[in-house]
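**Q** Supplied structure: query-v3.pdb, PDB, N, CA and C atoms.
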```pdb
MODEL        1
ATOM      1  N   MET A   1      94.119  20.349  -1.141  1.00  0.00           N
ATOM      2  CA  MET A   1      93.488  19.325  -1.955  1.00  0.00           C
ATOM      3  C   MET A   1      92.922  19.952  -3.223  1.00  0.00           C
ATOM      4  N   ALA A   2      93.022  19.230  -4.299  1.00  0.00           N
ATOM      5  CA  ALA A   2      92.517  19.709  -5.573  1.00  0.00           C
ATOM      6  C   ALA A   2      91.009  19.532  -5.660  1.00  0.00           C
ATOM      7  N   LYS A   3      90.380  20.451  -6.362  1.00  0.00           N
ATOM      8  CA  LYS A   3      88.935  20.389  -6.542  1.00  0.00           C
ATOM      9  C   LYS A   3      88.630  19.490  -7.742  1.00  0.00           C
ATOM     10  N   ASN A   4      87.682  18.564  -7.584  1.00  0.00           N
ATOM     11  CA  ASN A   4      87.337  17.660  -8.676  1.00  0.00           C
ATOM     12  C   ASN A   4      86.264  18.307  -9.543  1.00  0.00           C
ATOM     13  N   GLU A   5      86.640  18.756 -10.739  1.00  0.00           N
ATOM     14  CA  GLU A   5      85.725  19.460 -11.625  1.00  0.00           C
ATOM     15  C   GLU A   5      84.895  18.517 -12.489  1.00  0.00           C
ATOM     16  N   ASN A   6      85.175  17.212 -12.452  1.00  0.00           N
ATOM     17  CA  ASN A   6      84.400  16.255 -13.233  1.00  0.00           C
ATOM     18  C   ASN A   6      83.085  15.894 -12.551  1.00  0.00           C
ATOM     19  N   ARG A   7      82.972  16.181 -11.260  1.00  0.00           N
ATOM     20  CA  ARG A   7      81.769  15.841 -10.503  1.00  0.00           C
ATOM     21  C   ARG A   7      80.745  16.965 -10.600  1.00  0.00           C
ATOM     22  N   ALA A   8      79.470  16.593 -10.820  1.00  0.00           N
ATOM     23  CA  ALA A   8      78.390  17.576 -10.909  1.00  0.00           C
ATOM     24  C   ALA A   8      77.307  17.226  -9.897  1.00  0.00           C
ATOM     25  N   TYR A   9      76.835  18.246  -9.170  1.00  0.00           N
ATOM     26  CA  TYR A   9      75.732  18.063  -8.233  1.00  0.00           C
ATOM     27  C   TYR A   9      74.430  18.286  -8.990  1.00  0.00           C
ATOM     28  N   LEU A  10      73.476  17.386  -8.791  1.00  0.00           N
ATOM     29  CA  LEU A  10      72.201  17.476  -9.475  1.00  0.00           C
ATOM     30  C   LEU A  10      71.099  16.920  -8.593  1.00  0.00           C
ATOM     31  N   GLY A  11      69.866  17.146  -8.990  1.00  0.00           N
ATOM     32  CA  GLY A  11      68.721  16.625  -8.255  1.00  0.00           C
ATOM     33  C   GLY A  11      68.026  15.557  -9.072  1.00  0.00           C
ATOM     34  N   LEU A  12      67.168  14.789  -8.422  1.00  0.00           N
ATOM     35  CA  LEU A  12      66.380  13.777  -9.105  1.00  0.00           C
ATOM     36  C   LEU A  12      64.907  14.082  -8.900  1.00  0.00           C
ATOM     37  N   LYS A  13      64.090  13.940  -9.965  1.00  0.00           N
ATOM     38  CA  LYS A  13      62.676  14.256  -9.897  1.00  0.00           C
ATOM     39  C   LYS A  13      61.862  13.068 -10.407  1.00  0.00           C
ATOM     40  N   CYS A  14      60.803  12.715  -9.659  1.00  0.00           N
ATOM     41  CA  CYS A  14      59.928  11.598 -10.032  1.00  0.00           C
ATOM     42  C   CYS A  14      59.180  11.951 -11.315  1.00  0.00           C
ATOM     43  N   THR A  15      59.098  11.014 -12.259  1.00  0.00           N
ATOM     44  CA  THR A  15      58.414  11.269 -13.519  1.00  0.00           C
ATOM     45  C   THR A  15      56.901  11.186 -13.377  1.00  0.00           C
ATOM     46  N   GLU A  16      56.396  10.521 -12.343  1.00  0.00           N
ATOM     47  CA  GLU A  16      54.948  10.355 -12.183  1.00  0.00           C
ATOM     48  C   GLU A  16      54.300  11.483 -11.390  1.00  0.00           C
ATOM     49  N   CYS A  17      54.871  11.837 -10.221  1.00  0.00           N
ATOM     50  CA  CYS A  17      54.218  12.835  -9.363  1.00  0.00           C
ATOM     51  C   CYS A  17      54.982  14.154  -9.279  1.00  0.00           C
ATOM     52  N   GLY A  18      56.244  14.186  -9.701  1.00  0.00           N
ATOM     53  CA  GLY A  18      57.033  15.411  -9.652  1.00  0.00           C
ATOM     54  C   GLY A  18      57.750  15.638  -8.336  1.00  0.00           C
ATOM     55  N   PHE A  19      57.809  14.624  -7.476  1.00  0.00           N
ATOM     56  CA  PHE A  19      58.487  14.728  -6.189  1.00  0.00           C
ATOM     57  C   PHE A  19      59.979  14.907  -6.403  1.00  0.00           C
ATOM     58  N   ASN A  20      60.586  15.923  -5.749  1.00  0.00           N
ATOM     59  CA  ASN A  20      62.026  16.174  -5.857  1.00  0.00           C
ATOM     60  C   ASN A  20      62.776  15.388  -4.811  1.00  0.00           C
ATOM     61  N   ARG A  21      63.753  14.625  -5.251  1.00  0.00           N
ATOM     62  CA  ARG A  21      64.571  13.783  -4.383  1.00  0.00           C
ATOM     63  C   ARG A  21      65.784  14.577  -3.909  1.00  0.00           C
ATOM     64  N   ARG A  22      66.527  14.040  -2.969  1.00  0.00           N
ATOM     65  CA  ARG A  22      67.720  14.710  -2.439  1.00  0.00           C
ATOM     66  C   ARG A  22      68.803  14.847  -3.521  1.00  0.00           C
ATOM     67  N   PRO A  23      69.770  15.713  -3.284  1.00  0.00           N
ATOM     68  CA  PRO A  23      70.851  15.925  -4.257  1.00  0.00           C
ATOM     69  C   PRO A  23      71.684  14.662  -4.500  1.00  0.00           C
ATOM     70  N   THR A  24      72.222  14.553  -5.693  1.00  0.00           N
ATOM     71  CA  THR A  24      73.031  13.411  -6.108  1.00  0.00           C
ATOM     72  C   THR A  24      74.251  13.946  -6.842  1.00  0.00           C
ATOM     73  N   ILE A  25      75.304  13.146  -6.906  1.00  0.00           N
ATOM     74  CA  ILE A  25      76.523  13.528  -7.625  1.00  0.00           C
ATOM     75  C   ILE A  25      76.738  12.543  -8.766  1.00  0.00           C
ATOM     76  N   LYS A  26      77.149  13.078  -9.930  1.00  0.00           N
ATOM     77  CA  LYS A  26      77.518  12.190 -11.035  1.00  0.00           C
ATOM     78  C   LYS A  26      78.818  12.670 -11.648  1.00  0.00           C
ATOM     79  N   ASN A  27      79.513  11.761 -12.307  1.00  0.00           N
ATOM     80  CA  ASN A  27      80.753  12.079 -12.994  1.00  0.00           C
ATOM     81  C   ASN A  27      80.408  12.498 -14.419  1.00  0.00           C
ATOM     82  N   LYS A  28      80.654  13.772 -14.766  1.00  0.00           N
ATOM     83  CA  LYS A  28      80.306  14.294 -16.085  1.00  0.00           C
ATOM     84  C   LYS A  28      81.132  13.667 -17.202  1.00  0.00           C
ATOM     85  N   LYS A  29      82.328  13.216 -16.874  1.00  0.00           N
ATOM     86  CA  LYS A  29      83.215  12.648 -17.885  1.00  0.00           C
ATOM     87  C   LYS A  29      82.743  11.254 -18.324  1.00  0.00           C
ATOM     88  N   ASN A  30      82.313  10.422 -17.362  1.00  0.00           N
ATOM     89  CA  ASN A  30      81.894   9.061 -17.677  1.00  0.00           C
ATOM     90  C   ASN A  30      80.429   8.967 -18.073  1.00  0.00           C
ATOM     91  N   THR A  31      79.581   9.817 -17.507  1.00  0.00           N
ATOM     92  CA  THR A  31      78.143   9.783 -17.763  1.00  0.00           C
ATOM     93  C   THR A  31      77.744  11.100 -18.406  1.00  0.00           C
ATOM     94  N   THR A  32      77.777  11.165 -19.728  1.00  0.00           N
ATOM     95  CA  THR A  32      77.484  12.413 -20.422  1.00  0.00           C
ATOM     96  C   THR A  32      75.988  12.640 -20.612  1.00  0.00           C
ATOM     97  N   GLU A  33      75.200  11.584 -20.735  1.00  0.00           N
ATOM     98  CA  GLU A  33      73.749  11.741 -20.912  1.00  0.00           C
ATOM     99  C   GLU A  33      73.075  11.946 -19.558  1.00  0.00           C
ATOM    100  N   LYS A  34      71.798  12.347 -19.575  1.00  0.00           N
ATOM    101  CA  LYS A  34      71.061  12.589 -18.343  1.00  0.00           C
ATOM    102  C   LYS A  34      70.781  11.275 -17.621  1.00  0.00           C
ATOM    103  N   LEU A  35      70.818  11.335 -16.287  1.00  0.00           N
ATOM    104  CA  LEU A  35      70.569  10.153 -15.468  1.00  0.00           C
ATOM    105  C   LEU A  35      69.090   9.798 -15.449  1.00  0.00           C
ATOM    106  N   GLU A  36      68.800   8.512 -15.473  1.00  0.00           N
ATOM    107  CA  GLU A  36      67.456   7.972 -15.256  1.00  0.00           C
ATOM    108  C   GLU A  36      67.632   6.779 -14.334  1.00  0.00           C
ATOM    109  N   ILE A  37      67.165   6.937 -13.084  1.00  0.00           N
ATOM    110  CA  ILE A  37      67.368   5.914 -12.065  1.00  0.00           C
ATOM    111  C   ILE A  37      66.017   5.486 -11.520  1.00  0.00           C
ATOM    112  N   SER A  38      65.868   4.199 -11.287  1.00  0.00           N
ATOM    113  CA  SER A  38      64.658   3.671 -10.675  1.00  0.00           C
ATOM    114  C   SER A  38      64.835   3.691  -9.164  1.00  0.00           C
ATOM    115  N   LYS A  39      63.989   4.477  -8.472  1.00  0.00           N
ATOM    116  CA  LYS A  39      64.067   4.613  -7.014  1.00  0.00           C
ATOM    117  C   LYS A  39      62.664   4.563  -6.423  1.00  0.00           C
ATOM    118  N   TYR A  40      62.607   4.387  -5.102  1.00  0.00           N
ATOM    119  CA  TYR A  40      61.333   4.390  -4.391  1.00  0.00           C
ATOM    120  C   TYR A  40      60.896   5.833  -4.150  1.00  0.00           C
ATOM    121  N   CYS A  41      59.653   6.142  -4.507  1.00  0.00           N
ATOM    122  CA  CYS A  41      59.090   7.474  -4.287  1.00  0.00           C
ATOM    123  C   CYS A  41      58.151   7.412  -3.084  1.00  0.00           C
ATOM    124  N   PRO A  42      58.436   8.169  -2.004  1.00  0.00           N
ATOM    125  CA  PRO A  42      57.577   8.129  -0.822  1.00  0.00           C
ATOM    126  C   PRO A  42      56.200   8.741  -1.070  1.00  0.00           C
ATOM    127  N   LYS A  43      56.088   9.643  -2.044  1.00  0.00           N
ATOM    128  CA  LYS A  43      54.795  10.264  -2.347  1.00  0.00           C
ATOM    129  C   LYS A  43      53.890   9.298  -3.117  1.00  0.00           C
ATOM    130  N   CYS A  44      54.447   8.579  -4.108  1.00  0.00           N
ATOM    131  CA  CYS A  44      53.686   7.590  -4.890  1.00  0.00           C
ATOM    132  C   CYS A  44      53.556   6.263  -4.148  1.00  0.00           C
ATOM    133  N   LYS A  45      54.480   6.025  -3.205  1.00  0.00           N
ATOM    134  CA  LYS A  45      54.572   4.774  -2.444  1.00  0.00           C
ATOM    135  C   LYS A  45      54.805   3.563  -3.341  1.00  0.00           C
ATOM    136  N   LYS A  46      55.667   3.748  -4.350  1.00  0.00           N
ATOM    137  CA  LYS A  46      56.069   2.647  -5.227  1.00  0.00           C
ATOM    138  C   LYS A  46      57.373   3.019  -5.921  1.00  0.00           C
ATOM    139  N   GLN A  47      57.955   2.068  -6.621  1.00  0.00           N
ATOM    140  CA  GLN A  47      59.205   2.274  -7.348  1.00  0.00           C
ATOM    141  C   GLN A  47      58.889   2.959  -8.679  1.00  0.00           C
ATOM    142  N   THR A  48      59.511   4.118  -8.920  1.00  0.00           N
ATOM    143  CA  THR A  48      59.291   4.871 -10.155  1.00  0.00           C
ATOM    144  C   THR A  48      60.635   5.302 -10.741  1.00  0.00           C
ATOM    145  N   THR A  49      60.580   5.876 -11.929  1.00  0.00           N
ATOM    146  CA  THR A  49      61.775   6.378 -12.592  1.00  0.00           C
ATOM    147  C   THR A  49      61.999   7.823 -12.189  1.00  0.00           C
ATOM    148  N   PHE A  50      63.238   8.137 -11.816  1.00  0.00           N
ATOM    149  CA  PHE A  50      63.616   9.515 -11.475  1.00  0.00           C
ATOM    150  C   PHE A  50      64.559  10.019 -12.542  1.00  0.00           C
ATOM    151  N   LYS A  51      64.347  11.278 -12.988  1.00  0.00           N
ATOM    152  CA  LYS A  51      65.193  11.885 -14.003  1.00  0.00           C
ATOM    153  C   LYS A  51      65.998  13.025 -13.408  1.00  0.00           C
ATOM    154  N   GLU A  52      67.124  13.314 -14.039  1.00  0.00           N
ATOM    155  CA  GLU A  52      68.038  14.348 -13.579  1.00  0.00           C
ATOM    156  C   GLU A  52      67.431  15.747 -13.772  1.00  0.00           C
ATOM    157  N   THR A  53      67.600  16.613 -12.766  1.00  0.00           N
ATOM    158  CA  THR A  53      67.190  18.020 -12.834  1.00  0.00           C
ATOM    159  C   THR A  53      68.276  18.887 -12.217  1.00  0.00           C
ATOM    160  N   LYS A  54      68.188  20.196 -12.426  1.00  0.00           N
ATOM    161  CA  LYS A  54      69.125  21.125 -11.809  1.00  0.00           C
ATOM    162  C   LYS A  54      68.752  21.310 -10.342  1.00  0.00           C
ATOM    163  N   LEU A  55      69.743  21.626  -9.536  1.00  0.00           N
ATOM    164  CA  LEU A  55      69.519  21.931  -8.125  1.00  0.00           C
ATOM    165  C   LEU A  55      69.201  23.409  -7.967  1.00  0.00           C
ATOM    166  N   ALA A  56      68.241  23.715  -7.121  1.00  0.00           N
ATOM    167  CA  ALA A  56      67.937  25.120  -6.812  1.00  0.00           C
ATOM    168  C   ALA A  56      68.972  25.630  -5.814  1.00  0.00           C
ATOM    169  N   LYS A  57      69.521  26.792  -6.068  1.00  0.00           N
ATOM    170  CA  LYS A  57      70.561  27.343  -5.192  1.00  0.00           C
ATOM    171  C   LYS A  57      69.986  28.267  -4.178  1.00  0.00           C
TER
ENDMDL
END
```
What's the structure tokens form of this structure?
**A**
Amino acid sequence: MAKNENRAYLGLKCTECGFNRRPTIKNKKNTTEKLEISKYCPKCKKQTTFKETKLAK
């Protein structure tokens, strides 16, 4: 099977408290700008904006 090089693994971080979310995958070809997704933060206990960050290896 061929390796898909358009996919990038990244993390999501809460903008309010700094909580790191689980890893996520995005398509670098279709989504060139950084991701900003509204998700539920268990630390803040409300819906907040999460921004794209690098994954720690």
**Q** What are the DSSP strand (DSSP E) residues of chain A, as a VMD selection string?
**A** chain A and resid 7 to 14 24 to 27 36 to 41 46 to 53
**Q** Any chance you could work out the residue set of the PyMOL selection byres ((chain A and resi 49) around 6) here, as a PyMOL selection string?
**A** chain A and resi 13-15+37-39+47-48+50-51
**Q** Go through A:Gly11, A:Thr24, A:Asn6, A:Phe19 one by one, measure the shortest atom-to-atom distance of each to Pro42 (chain A) using all atoms listed in the file, and give the residue with the smallest value.
**A** A:Phe19
**Q** Expand the PyMOL selection byres ((chain A and resi 56) around 8) into the individual residues it matches in the shown file, reporting them as a PyMOL selection string.
**A** chain A and resi 10-11+53-55+57
**Q** What gap, in Å, lies between atom C of Cys44 (chain A) and atom C of Tyr9 (chain A)?
**A**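 Taking atom C of Cys44 (chain A) and atom C of Tyr9 (chain A), their separation equals 24.6 Å.
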**Q** With N, CA, C and O atoms as the target, complete region 8-34 of chain A and hand it back as a PDB file, keeping the file's coordinate frame.
**A**
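Written file, result.pdb:
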```pdb
ATOM      1  N   ALA A   8      79.470  16.593 -10.820  1.00  0.00           N
ATOM      2  CA  ALA A   8      78.390  17.576 -10.909  1.00  0.00           C
ATOM      3  C   ALA A   8      77.307  17.226  -9.897  1.00  0.00           C
ATOM      4  O   ALA A   8      76.917  16.066  -9.762  1.00  0.00           O
ATOM      5  N   TYR A   9      76.835  18.246  -9.170  1.00  0.00           N
ATOM      6  CA  TYR A   9      75.732  18.063  -8.233  1.00  0.00           C
ATOM      7  C   TYR A   9      74.430  18.286  -8.990  1.00  0.00           C
ATOM      8  O   TYR A   9      74.299  19.244  -9.749  1.00  0.00           O
ATOM      9  N   LEU A  10      73.476  17.386  -8.791  1.00  0.00           N
ATOM     10  CA  LEU A  10      72.201  17.476  -9.475  1.00  0.00           C
ATOM     11  C   LEU A  10      71.099  16.920  -8.593  1.00  0.00           C
ATOM     12  O   LEU A  10      71.362  16.298  -7.575  1.00  0.00           O
ATOM     13  N   GLY A  11      69.866  17.146  -8.990  1.00  0.00           N
ATOM     14  CA  GLY A  11      68.721  16.625  -8.255  1.00  0.00           C
ATOM     15  C   GLY A  11      68.026  15.557  -9.072  1.00  0.00           C
ATOM     16  O   GLY A  11      68.247  15.438 -10.283  1.00  0.00           O
ATOM     17  N   LEU A  12      67.168  14.789  -8.422  1.00  0.00           N
ATOM     18  CA  LEU A  12      66.380  13.777  -9.105  1.00  0.00           C
ATOM     19  C   LEU A  12      64.907  14.082  -8.900  1.00  0.00           C
ATOM     20  O   LEU A  12      64.495  14.465  -7.806  1.00  0.00           O
ATOM     21  N   LYS A  13      64.090  13.940  -9.965  1.00  0.00           N
ATOM     22  CA  LYS A  13      62.676  14.256  -9.897  1.00  0.00           C
ATOM     23  C   LYS A  13      61.862  13.068 -10.407  1.00  0.00           C
ATOM     24  O   LYS A  13      62.177  12.481 -11.441  1.00  0.00           O
ATOM     25  N   CYS A  14      60.803  12.715  -9.659  1.00  0.00           N
ATOM     26  CA  CYS A  14      59.928  11.598 -10.032  1.00  0.00           C
ATOM     27  C   CYS A  14      59.180  11.951 -11.315  1.00  0.00           C
ATOM     28  O   CYS A  14      58.658  13.059 -11.463  1.00  0.00           O
ATOM     29  N   THR A  15      59.098  11.014 -12.259  1.00  0.00           N
ATOM     30  CA  THR A  15      58.414  11.269 -13.519  1.00  0.00           C
ATOM     31  C   THR A  15      56.901  11.186 -13.377  1.00  0.00           C
ATOM     32  O   THR A  15      56.176  11.736 -14.195  1.00  0.00           O
ATOM     33  N   GLU A  16      56.396  10.521 -12.343  1.00  0.00           N
ATOM     34  CA  GLU A  16      54.948  10.355 -12.183  1.00  0.00           C
ATOM     35  C   GLU A  16      54.300  11.483 -11.390  1.00  0.00           C
ATOM     36  O   GLU A  16      53.292  12.037 -11.799  1.00  0.00           O
ATOM     37  N   CYS A  17      54.871  11.837 -10.221  1.00  0.00           N
ATOM     38  CA  CYS A  17      54.218  12.835  -9.363  1.00  0.00           C
ATOM     39  C   CYS A  17      54.982  14.154  -9.279  1.00  0.00           C
ATOM     40  O   CYS A  17      54.446  15.139  -8.812  1.00  0.00           O
ATOM     41  N   GLY A  18      56.244  14.186  -9.701  1.00  0.00           N
ATOM     42  CA  GLY A  18      57.033  15.411  -9.652  1.00  0.00           C
ATOM     43  C   GLY A  18      57.750  15.638  -8.336  1.00  0.00           C
ATOM     44  O   GLY A  18      58.253  16.723  -8.086  1.00  0.00           O
ATOM     45  N   PHE A  19      57.809  14.624  -7.476  1.00  0.00           N
ATOM     46  CA  PHE A  19      58.487  14.728  -6.189  1.00  0.00           C
ATOM     47  C   PHE A  19      59.979  14.907  -6.403  1.00  0.00           C
ATOM     48  O   PHE A  19      60.601  14.178  -7.163  1.00  0.00           O
ATOM     49  N   ASN A  20      60.586  15.923  -5.749  1.00  0.00           N
ATOM     50  CA  ASN A  20      62.026  16.174  -5.857  1.00  0.00           C
ATOM     51  C   ASN A  20      62.776  15.388  -4.811  1.00  0.00           C
ATOM     52  O   ASN A  20      62.486  15.477  -3.630  1.00  0.00           O
ATOM     53  N   ARG A  21      63.753  14.625  -5.251  1.00  0.00           N
ATOM     54  CA  ARG A  21      64.571  13.783  -4.383  1.00  0.00           C
ATOM     55  C   ARG A  21      65.784  14.577  -3.909  1.00  0.00           C
ATOM     56  O   ARG A  21      66.094  15.636  -4.442  1.00  0.00           O
ATOM     57  N   ARG A  22      66.527  14.040  -2.969  1.00  0.00           N
ATOM     58  CA  ARG A  22      67.720  14.710  -2.439  1.00  0.00           C
ATOM     59  C   ARG A  22      68.803  14.847  -3.521  1.00  0.00           C
ATOM     60  O   ARG A  22      68.768  14.167  -4.542  1.00  0.00           O
ATOM     61  N   PRO A  23      69.770  15.713  -3.284  1.00  0.00           N
ATOM     62  CA  PRO A  23      70.851  15.925  -4.257  1.00  0.00           C
ATOM     63  C   PRO A  23      71.684  14.662  -4.500  1.00  0.00           C
ATOM     64  O   PRO A  23      71.825  13.817  -3.619  1.00  0.00           O
ATOM     65  N   THR A  24      72.222  14.553  -5.693  1.00  0.00           N
ATOM     66  CA  THR A  24      73.031  13.411  -6.108  1.00  0.00           C
ATOM     67  C   THR A  24      74.251  13.946  -6.842  1.00  0.00           C
ATOM     68  O   THR A  24      74.236  15.055  -7.351  1.00  0.00           O
ATOM     69  N   ILE A  25      75.304  13.146  -6.906  1.00  0.00           N
ATOM     70  CA  ILE A  25      76.523  13.528  -7.625  1.00  0.00           C
ATOM     71  C   ILE A  25      76.738  12.543  -8.766  1.00  0.00           C
ATOM     72  O   ILE A  25      76.532  11.347  -8.602  1.00  0.00           O
ATOM     73  N   LYS A  26      77.149  13.078  -9.930  1.00  0.00           N
ATOM     74  CA  LYS A  26      77.518  12.190 -11.035  1.00  0.00           C
ATOM     75  C   LYS A  26      78.818  12.670 -11.648  1.00  0.00           C
ATOM     76  O   LYS A  26      79.179  13.833 -11.526  1.00  0.00           O
ATOM     77  N   ASN A  27      79.513  11.761 -12.307  1.00  0.00           N
ATOM     78  CA  ASN A  27      80.753  12.079 -12.994  1.00  0.00           C
ATOM     79  C   ASN A  27      80.408  12.498 -14.419  1.00  0.00           C
ATOM     80  O   ASN A  27      79.906  11.699 -15.206  1.00  0.00           O
ATOM     81  N   LYS A  28      80.654  13.772 -14.766  1.00  0.00           N
ATOM     82  CA  LYS A  28      80.306  14.294 -16.085  1.00  0.00           C
ATOM     83  C   LYS A  28      81.132  13.667 -17.202  1.00  0.00           C
ATOM     84  O   LYS A  28      80.679  13.586 -18.337  1.00  0.00           O
ATOM     85  N   LYS A  29      82.328  13.216 -16.874  1.00  0.00           N
ATOM     86  CA  LYS A  29      83.215  12.648 -17.885  1.00  0.00           C
ATOM     87  C   LYS A  29      82.743  11.254 -18.324  1.00  0.00           C
ATOM     88  O   LYS A  29      82.746  10.929 -19.508  1.00  0.00           O
ATOM     89  N   ASN A  30      82.313  10.422 -17.362  1.00  0.00           N
ATOM     90  CA  ASN A  30      81.894   9.061 -17.677  1.00  0.00           C
ATOM     91  C   ASN A  30      80.429   8.967 -18.073  1.00  0.00           C
ATOM     92  O   ASN A  30      80.056   8.109 -18.868  1.00  0.00           O
ATOM     93  N   THR A  31      79.581   9.817 -17.507  1.00  0.00           N
ATOM     94  CA  THR A  31      78.143   9.783 -17.763  1.00  0.00           C
ATOM     95  C   THR A  31      77.744  11.100 -18.406  1.00  0.00           C
ATOM     96  O   THR A  31      77.395  12.055 -17.722  1.00  0.00           O
ATOM     97  N   THR A  32      77.777  11.165 -19.728  1.00  0.00           N
ATOM     98  CA  THR A  32      77.484  12.413 -20.422  1.00  0.00           C
ATOM     99  C   THR A  32      75.988  12.640 -20.612  1.00  0.00           C
ATOM    100  O   THR A  32      75.539  13.775 -20.635  1.00  0.00           O
ATOM    101  N   GLU A  33      75.200  11.584 -20.735  1.00  0.00           N
ATOM    102  CA  GLU A  33      73.749  11.741 -20.912  1.00  0.00           C
ATOM    103  C   GLU A  33      73.075  11.946 -19.558  1.00  0.00           C
ATOM    104  O   GLU A  33      73.680  11.767 -18.510  1.00  0.00           O
ATOM    105  N   LYS A  34      71.798  12.347 -19.575  1.00  0.00           N
ATOM    106  CA  LYS A  34      71.061  12.589 -18.343  1.00  0.00           C
ATOM    107  C   LYS A  34      70.781  11.275 -17.621  1.00  0.00           C
ATOM    108  O   LYS A  34      70.524  10.258 -18.251  1.00  0.00           O
TER     109      LYS A  34
END
```
